[in-house]
Amino acid sequence: MNEKNRVVIPIGPQHPSLKEPASFLITLEGEKVVNAVVGVGYNHRGLEKACESRTYIQDLYIIERVCGICSHTHSTAFCQGIEELAGLKIPKRAAYIRVIVAELERLHSHLLWLGVAGHEIGFDTLFMYSWRDRERVLDMLAAMCGNRVNYGINTIGGVRRDFDAAMLRDVLKMADVLQEQLKYYLDLASTEATLIARLSGVGKLSKEDVLRFGSVGPVARAADVGDDTRVKEPYAAYGEIPVKVITDTHADVFGRTLVRIKEMIESLEIIRFCVKNLPDGDIAVKAPRKIPAGEMISRTEAPRGEDIHFIRSDGSDIPERIRVRAPTEVNWHGMRYMLEGQYLADVPITIAAIDPCYSCTDRAIVIRSDDQTDVTDWQGLRQYSIDWYQKRGVNVPSVKMPESKKYF
Amino acid sequence: MLSALFKILIFPGFLFLSVYGLCLESLDRKIYARLQNRIGPPWYQPLADVLKLLGKGTIIPADANPGMFNFLPIVSLAAVASAFIYVPVWGNTASHSFDGDLVIVLYLLTIPTIAAFLAGWYSRSVYATLGSIRTLTQMFAYEVPMFMALLSPALIAGTWSVTGMAAFYSKHPLYILFNIPALFVALVSAQGKLERAPFDAPEAETEIVSGAFVEYSGKLLAIFKMSMDCELVLIASLISAIFLPFTTGIAVVDLLLYFVKTIVVLLFLSLMRSAMARLRMDQLLNFFWKQLSLIAIAQIILNLIIRSRLAL
Amino acid sequence: MKRRIPGKISQMAISQLFQKPATIAYPKGEMDIVKNYRGMLVYDPKDCINCRMCERDCPTGAIKITNEGTKEERKMSAVLDISHCVFCCQCVDICPKKSLSFSQNIDLSNLSSKDFKVKL
């Protein structure tokens with residue numbers, strides 16, 4: 001068609017609609033998107049490499065800081081994997097406490113998403129209200145775990161803090177207040193005309209496309225794919241708690257909104273069940289410093305989907321390899337397909353609707369060509385990068401790299 | 001001569017317009033914040049914004065046309081200030097009036113929008129071009145209902161002058177009730193004219209980062225922001241003069257009544273801004289052409305019938 | 001199928017006009033930090049036995065314990081680098097003599113990076 005009328009508009013790396021840097025090169029024809037090139041990778045921090053030179057107990061805090069919003073899920077997955085490798089069985093009370101904190105985290109993550117979605121479509125009032133409700137959850141988490149985000153409640157072998165009866169009563173009071181607000185949001189989402197006009201028909205990803213791209217989390221559940229790790233492979237105390245899998249048939253951003261709000265209401269039910277049936281006992285068992293050799297995969301259900309951790313241990317107190325596969329890493333595959341054919345005005349809400357956590361996503365990806373494979377070590381990789389820059393005329397000062405540093 | 005200059009430049013002219021524009025903007029932001037359960041910025045925030053912007057350096061992009069780039073904000077502010085001369089502030093009479101000045105006011109009101117379009121066009125940046133095209137498209141959307149809504153009370157009043165209409169409706173206050181659909185259409189179109197949510201697609205922060213004004217900074221941006229504030233005062237005064245002409249004749253009371261009327265109009269506009277999401281361009285065009293225009297046409301037909309019935 | 005009306009949130013919005021705002025004008029308003037919030041560390045040199053377990057378990061290497069006296073007459077001192085500390089309190093948990101604890105002090109910002117190494 002008219003090739004001359006096409007214009008490439010860059011969204012990112014710096015853009016008011018993105019919460020973290022990412023680059024989307026959108027080719028526009030008028031107001032319609034014809035092509036989209038998704039570029040992530042601006043948030044790579046080298047976490048997996050950093051974990052390889054620290055002990056397990058130090059790595060716990062690094063893995064927790066992979067993401068700010070799903071931090072407890074990452075640390076739970078990590079601890080579960082190590083506990084399984086070491087053959088530990090955590091006390092029941094610790095498992096229930098992990099579930100309570102995980103559901104509180106799901107609440108605050110989905111409320112954050114609701115606010116961000118409201119902001120992307122220009123509905124700042126919804127943004128302010130949902131974040132005000134989120135403050136209640138964060139204050140509760142601060143009182144229970146000691147911090148508003150990155151609550152270090154997990155340790156290898158159980159949890160670090162115990163909850164007393166007064167705190168549990170406060171949790172139930174907060175749950176009642178939030179239930180009213182969530183019912184209001186559900187009602188608002190189904191009857192507010194401008195909200196429905198902006199969210200319906202946007203970012204369509206049908207059931208076949210979800211299965212083709214392998215999306216997880218609310219993105220998949222909004223297309224009637226009932227995938228929930230809490231039900232499929234129960235971890236912590238989820239085997240004893242009734243969890244309802246929320247699905248929806250809309251398969252667009254509106255469906256994802258409904259799924260997330262209903263999941264929040266379901267989280268409140270799970271919290272009430274756990275608080276009522278919290279067993280007595282210890283909160284942790286003593287964990288060894290050296291973990292026996294082996295490989296382990298552990299899965300949890302983060303607010304954004306299924307989170308997989310792979311741990312390989314060689315028998316010492318430093319892990320050999322840790323690989324974190326966050327749920328957003330998988331959800332990016334369908335993004336280009338969702339963006340093409342939309343209006344420019346729908347691009348920010350489509351990107352926001354998969355609830356991207358860019359910090360979770362960025363791990364190093366290996367690109368292999370078909371005929372060549374190359375195995376290099378740390379020094380070789382560093383030399384390769386210095387050569388790459390020098391070939392392009394960038395002057396890299398020749399500094400000797402210190403020996404691989406151990407942090408203790 | 002001196003009194004004419006006073007009326008144009010000081011009161012109710014340019015100085016009063018600017019100061020009252022800053023006051024209305026700060027009131028708008030405070031109300032918007034309170035509706036969202038926040039505290040909001042302090043009262044002097046719009047003045048602080050303008051002073052800060054005046055102190056910053058002005059950067060003109062290399063590709064842009066410097067003459068037009070510098071000239072357009074002044075055109076926008078001058079048009080709004082000129083239109084304000086014909087709007088009654090103190091009582092029922094404006095500084096100057098003649099039969100047909102309502103049409104002049106509406107014409108002068110389109111100039112800021114065209115200045116915004118040209119500002120985005122001459123900035124030669126992708127976001128600015130998109131924003132300026134959206135501004136123009138939105139103008140095609142709200143112009144028709146707005147003109148019809150503002151011109152339909154003139155059918156009953158029998159004069160095209162704002163001063164004349166205000167005087168007529170003060171004498172027959174009950175006829176205002178016939179114009180209520182036009183008041184509703186005028187308020188919604190005013191929200192579109194001022195490019196506030198839910199009709200702020202030309203300036204959508206999350207999509208095109210400020211739209212047509214994205215390359216403006218420093219003094220020029222301050223003048224554009226002042227012209228937007230003054231436009232708010234102008235439209236609030238116009239709507240309150242045409243649709244809410246309650247006057248008593250006593251000077252000070254009339255001025256207070258003017259403040260009350262414009263603040264009531266502002267309350268409606270702020271509530272509309274906080275209660276709805278931003279509409280997409282095609283949804284906006286649909287809404288203005290299919291729903292608002294029909295109400296405005298119905299209002300015109302109603303006014304024509306009433307005019308013939310009452311033999312005015 | 002419920003009727004769709006625009007501006008439905010205006011009812012709740014107007015009711016917010018008569019309620020206290022949910023924000024405070026920091027730093028003017030009063031802010032209460034909950035009990036057991038993990039803030040700045042507090043060090044008690046009396047019971048410290050120089051085992052350095054806290055240094056070993058710190059994820060970032062932020063805490064440094066030094067013995068300024070001799071082995072018989074210990075004079076322990078601890079220096080915390082606030083720019084590296086993530087306030088995880090793993091050192092508090094691991095200390096066998098419970099010499100470390102945490103307070104609720106969160107006003108730790110500085111204008112110069114030299115002031116980040118704080119003597120506890």
# chains A, B, ... in the order shown; residues from 1 in each chain; ligands from 1

call {"tool": "interface_residues", "arguments": {"of": "chain A", "to": "chain C", "cutoff": "7 Å", "atoms": "only C-alpha atoms", "output": "list in words"}}
result
Ile57, Gln58, Asp59, Tyr61, Ala142, Ala143, Gly146, Asn147, Gly152, Thr191, Glu192, Ala193, Thr194, Tyr407 and Phe408 of chain A

call {"tool": "write_last_selection", "arguments": {"atoms": "C-alpha atoms", "output": "PDB file, in the first residue's frame"}}
result
ATOM      1  CA  ILE A  57      21.701 -17.558  52.008  1.00  0.00           C
ATOM      2  CA  GLN A  58      23.086 -14.439  50.306  1.00  0.00           C
ATOM      3  CA  ASP A  59      21.471 -15.483  47.025  1.00  0.00           C
ATOM      4  CA  TYR A  61      18.125 -11.793  48.978  1.00  0.00           C
ATOM      5  CA  ALA A 142       4.959  -3.700  56.455  1.00  0.00           C
ATOM      6  CA  ALA A 143       3.476  -4.534  59.844  1.00  0.00           C
ATOM      7  CA  GLY A 146       8.962  -5.618  58.028  1.00  0.00           C
ATOM      8  CA  ASN A 147       9.036  -3.988  54.622  1.00  0.00           C
ATOM      9  CA  GLY A 152      12.307 -10.857  53.509  1.00  0.00           C
ATOM     10  CA  THR A 191     -20.843  -0.614  33.592  1.00  0.00           C
ATOM     11  CA  GLU A 192     -18.561   2.339  32.936  1.00  0.00           C
ATOM     12  CA  ALA A 193     -19.073   3.129  29.267  1.00  0.00           C
ATOM     13  CA  THR A 194     -15.724   4.797  28.525  1.00  0.00           C
ATOM     14  CA  TYR A 407      31.702 -12.000  48.699  1.00  0.00           C
ATOM     15  CA  PHE A 408      32.677 -13.319  52.087  1.00  0.00           C
TER      16      PHE A 408
END

call {"tool": "closest_atom_pairs", "arguments": {"of": "chain A", "to": "chain B", "cutoff": "10 Å", "atoms": "only C-alpha atoms", "output": "CSV"}}
result
residue,atom,partner,partner_atom,distance
A:Val7,CA,B:Val126,CA,7.9
A:Val8,CA,B:Val126,CA,8.2
A:Ile9,CA,B:Val126,CA,6.5
A:Pro10,CA,B:Val126,CA,8.9
A:Ile11,CA,B:Glu207,CA,8.4
A:His15,CA,B:Val209,CA,7.6
A:Pro16,CA,B:Thr206,CA,5.4
A:Ser17,CA,B:Thr206,CA,4.5
A:Leu18,CA,B:Thr206,CA,8.2
A:Gly30,CA,B:Leu130,CA,8.7
A:Glu31,CA,B:Leu130,CA,8.5
A:Gly118,CA,B:Ala277,CA,7.7
A:His119,CA,B:Thr206,CA,8.0
A:Glu120,CA,B:Thr206,CA,5.9
A:Ile121,CA,B:Arg278,CA,5.8
A:Gly122,CA,B:Arg278,CA,4.9
A:Phe123,CA,B:Ala277,CA,4.3
A:Asp124,CA,B:Ser274,CA,7.1
A:Thr125,CA,B:Gln36,CA,5.6
A:Leu126,CA,B:Gln36,CA,8.5
A:Phe127,CA,B:Gln36,CA,9.1
A:Met128,CA,B:Gln36,CA,6.2
A:Tyr129,CA,B:Gln36,CA,6.9
A:Arg132,CA,B:Asn37,CA,8.7
A:Glu192,CA,B:Met276,CA,8.3
A:Ala193,CA,B:Met276,CA,8.5
A:Thr194,CA,B:Ala277,CA,5.6
A:Leu195,CA,B:Ala277,CA,6.1
A:Ile196,CA,B:Ala277,CA,9.5
A:Ala197,CA,B:Leu279,CA,7.8
A:Arg198,CA,B:Leu279,CA,6.9
A:Tyr343,CA,B:Arg280,CA,8.7
A:Leu344,CA,B:Glu207,CA,7.5
A:Ala345,CA,B:Glu207,CA,6.2
A:Asp346,CA,B:Arg280,CA,8.2
A:Val347,CA,B:Glu207,CA,7.8
A:Pro348,CA,B:Glu207,CA,6.6
A:Ile349,CA,B:Thr206,CA,9.3

call {"tool": "atom_distance", "arguments": {"atom1": "CA of Lys49 in chain A", "atom2": "CA of Ala62 in chain C"}}
result
19.5 Å

call {"tool": "residues_around", "arguments": {"residues": "Ser132 in chain B", "least_positions_apart": "6", "cutoff": "7 Å", "atoms": "only C-alpha atoms", "output": "list in words"}}
result
Ala116, Phe117, Gly120, Trp121, Pro202, Gly211 and Ala212 of chain B

call {"tool": "write_last_selection", "arguments": {"atoms": "N, CA and C atoms", "output": "short mmCIF file (atom, residue, chain, number, x, y, z; two decimals), in the first residue's frame"}}
result
data_model
loop_
_atom_site.label_atom_id
_atom_site.label_comp_id
_atom_site.auth_asym_id
_atom_site.auth_seq_id
_atom_site.Cartn_x
_atom_site.Cartn_y
_atom_site.Cartn_z
N ALA B 116 -2.14 25.73 17.57
CA ALA B 116 -1.59 24.49 18.11
C ALA B 116 -1.25 23.53 16.98
N PHE B 117 -2.16 23.45 16.00
CA PHE B 117 -1.89 22.56 14.86
C PHE B 117 -0.62 22.97 14.13
N GLY B 120 2.57 22.19 16.09
CA GLY B 120 2.99 20.82 15.97
C GLY B 120 3.54 20.53 14.58
N TRP B 121 2.93 21.12 13.58
CA TRP B 121 3.36 20.85 12.20
C TRP B 121 4.74 21.40 11.94
N PRO B 202 -5.50 14.67 21.67
CA PRO B 202 -4.38 15.37 21.04
C PRO B 202 -3.20 15.58 21.97
N GLY B 211 1.81 15.73 22.52
CA GLY B 211 1.23 16.09 21.24
C GLY B 211 1.92 17.24 20.56
N ALA B 212 1.16 18.28 20.22
CA ALA B 212 1.67 19.35 19.37
C ALA B 212 2.72 20.18 20.08
#

call {"tool": "closest_residue", "arguments": {"among": "B:Leu310, B:Phe16, B:Leu271, B:Ala167", "to": "chain C", "atoms": "only C-alpha atoms"}}
result
B:Leu271

call {"tool": "closest_residue", "arguments": {"among": "C:Pro21, C:Asp32, C:Asn110, C:Ser15", "to": "chain B", "atoms": "only C-alpha atoms"}}
result
C:Pro21

call {"tool": "select_by_dssp", "arguments": {"residues": "range 19-220 of chain A", "states": "strand (DSSP E or B)", "output": "JSON, numbers by chain"}}
result
{"A": [23, 24, 25, 26, 27, 28, 29, 32, 33, 34, 35, 36, 37, 38, 39, 154, 155, 158, 159, 192]}

call {"tool": "write_last_selection", "arguments": {"atoms": "C-alpha atoms", "output": "mmCIF file, in the first residue's frame"}}
result
data_model
loop_
_atom_site.group_PDB
_atom_site.id
_atom_site.type_symbol
_atom_site.label_atom_id
_atom_site.label_comp_id
_atom_site.auth_asym_id
_atom_site.auth_seq_id
_atom_site.Cartn_x
_atom_site.Cartn_y
_atom_site.Cartn_z
ATOM 1 C CA SER A 23 11.869 -0.170 23.030
ATOM 2 C CA PHE A 24 8.971 -0.565 20.637
ATOM 3 C CA LEU A 25 9.407 0.651 17.073
ATOM 4 C CA ILE A 26 5.892 1.102 15.760
ATOM 5 C CA THR A 27 5.355 1.593 12.045
ATOM 6 C CA LEU A 28 2.241 3.657 11.542
ATOM 7 C CA GLU A 29 0.015 4.305 8.605
ATOM 8 C CA LYS A 32 -3.099 2.174 12.469
ATOM 9 C CA VAL A 33 -0.117 0.065 13.460
ATOM 10 C CA VAL A 34 1.289 -1.951 10.578
ATOM 11 C CA ASN A 35 4.396 -3.360 12.179
ATOM 12 C CA ALA A 36 5.897 -3.488 15.636
ATOM 13 C CA VAL A 37 9.422 -4.424 16.674
ATOM 14 C CA VAL A 38 9.730 -5.293 20.338
ATOM 15 C CA GLY A 39 13.111 -4.754 21.955
ATOM 16 C CA ASN A 154 11.403 -16.434 53.617
ATOM 17 C CA THR A 155 14.476 -18.223 54.786
ATOM 18 C CA GLY A 158 10.773 -21.865 56.637
ATOM 19 C CA VAL A 159 9.929 -18.280 57.441
ATOM 20 C CA GLU A 192 -18.561 2.339 32.936
#

call {"tool": "residues_around", "arguments": {"residues": "range 291-305 of chain B", "least_positions_apart": "4", "cutoff": "9 Å", "atoms": "only C-alpha atoms", "output": "list in words"}}
result
Tyr142, Val144, Pro145, Met146, Met148, Ala149, Leu151, Ser152, Pro153, Leu155, Ile156, Phe178, Asn179, Ile180, Pro181, Ala182, Val185, Ala186, Val188, Ser189, Asn286, Phe287, Arg309 and Leu310 of chain B

call {"tool": "decode", "arguments": {"residues": "range 10-28 of chain C", "atoms": "N, CA and C atoms", "output": "compact mmCIF listing (two decimals), in the first residue's frame"}}
result
# COMPACT_ATOMS: atom_id res chain seq x y z
N SER C 10 -18.34 9.22 39.21
CA SER C 10 -18.48 10.57 39.75
C SER C 10 -19.19 10.56 41.10
N GLN C 11 -20.03 9.53 41.32
CA GLN C 11 -20.72 9.47 42.61
C GLN C 11 -19.72 9.30 43.75
N MET C 12 -18.79 8.34 43.56
CA MET C 12 -17.79 8.14 44.59
C MET C 12 -16.86 9.34 44.66
N ALA C 13 -16.60 9.97 43.50
CA ALA C 13 -15.67 11.11 43.48
C ALA C 13 -16.23 12.25 44.31
N ILE C 14 -17.53 12.53 44.15
CA ILE C 14 -18.10 13.65 44.89
C ILE C 14 -18.10 13.34 46.38
N SER C 15 -18.30 12.07 46.75
CA SER C 15 -18.28 11.76 48.18
C SER C 15 -16.88 11.91 48.75
N GLN C 16 -15.84 11.82 47.90
CA GLN C 16 -14.48 12.00 48.41
C GLN C 16 -14.21 13.45 48.78
N LEU C 17 -15.04 14.39 48.24
CA LEU C 17 -14.79 15.79 48.53
C LEU C 17 -14.97 16.08 50.01
N PHE C 18 -15.78 15.24 50.69
CA PHE C 18 -16.08 15.52 52.08
C PHE C 18 -15.29 14.65 53.02
N GLN C 19 -14.29 13.93 52.49
CA GLN C 19 -13.51 13.08 53.37
C GLN C 19 -12.10 13.61 53.46
N LYS C 20 -11.40 13.15 54.47
CA LYS C 20 -10.02 13.59 54.66
C LYS C 20 -9.16 13.03 53.53
N PRO C 21 -8.23 13.81 52.98
CA PRO C 21 -7.42 13.27 51.90
C PRO C 21 -6.55 12.11 52.38
N ALA C 22 -6.28 11.19 51.49
CA ALA C 22 -5.52 10.01 51.87
C ALA C 22 -4.03 10.25 51.79
N THR C 23 -3.61 11.44 51.36
CA THR C 23 -2.18 11.71 51.25
C THR C 23 -1.78 12.72 52.32
N ILE C 24 -0.49 12.73 52.64
CA ILE C 24 0.01 13.75 53.56
C ILE C 24 1.04 14.57 52.82
N ALA C 25 1.15 15.84 53.20
CA ALA C 25 2.11 16.72 52.54
C ALA C 25 3.46 16.51 53.19
N TYR C 26 4.12 15.41 52.81
CA TYR C 26 5.43 15.10 53.39
C TYR C 26 6.43 16.18 53.02
N PRO C 27 7.33 16.67 53.85
CA PRO C 27 7.56 16.23 55.21
C PRO C 27 6.77 16.97 56.28
N LYS C 28 5.70 17.68 55.87
CA LYS C 28 4.99 18.45 56.90
C LYS C 28 4.06 17.58 57.72
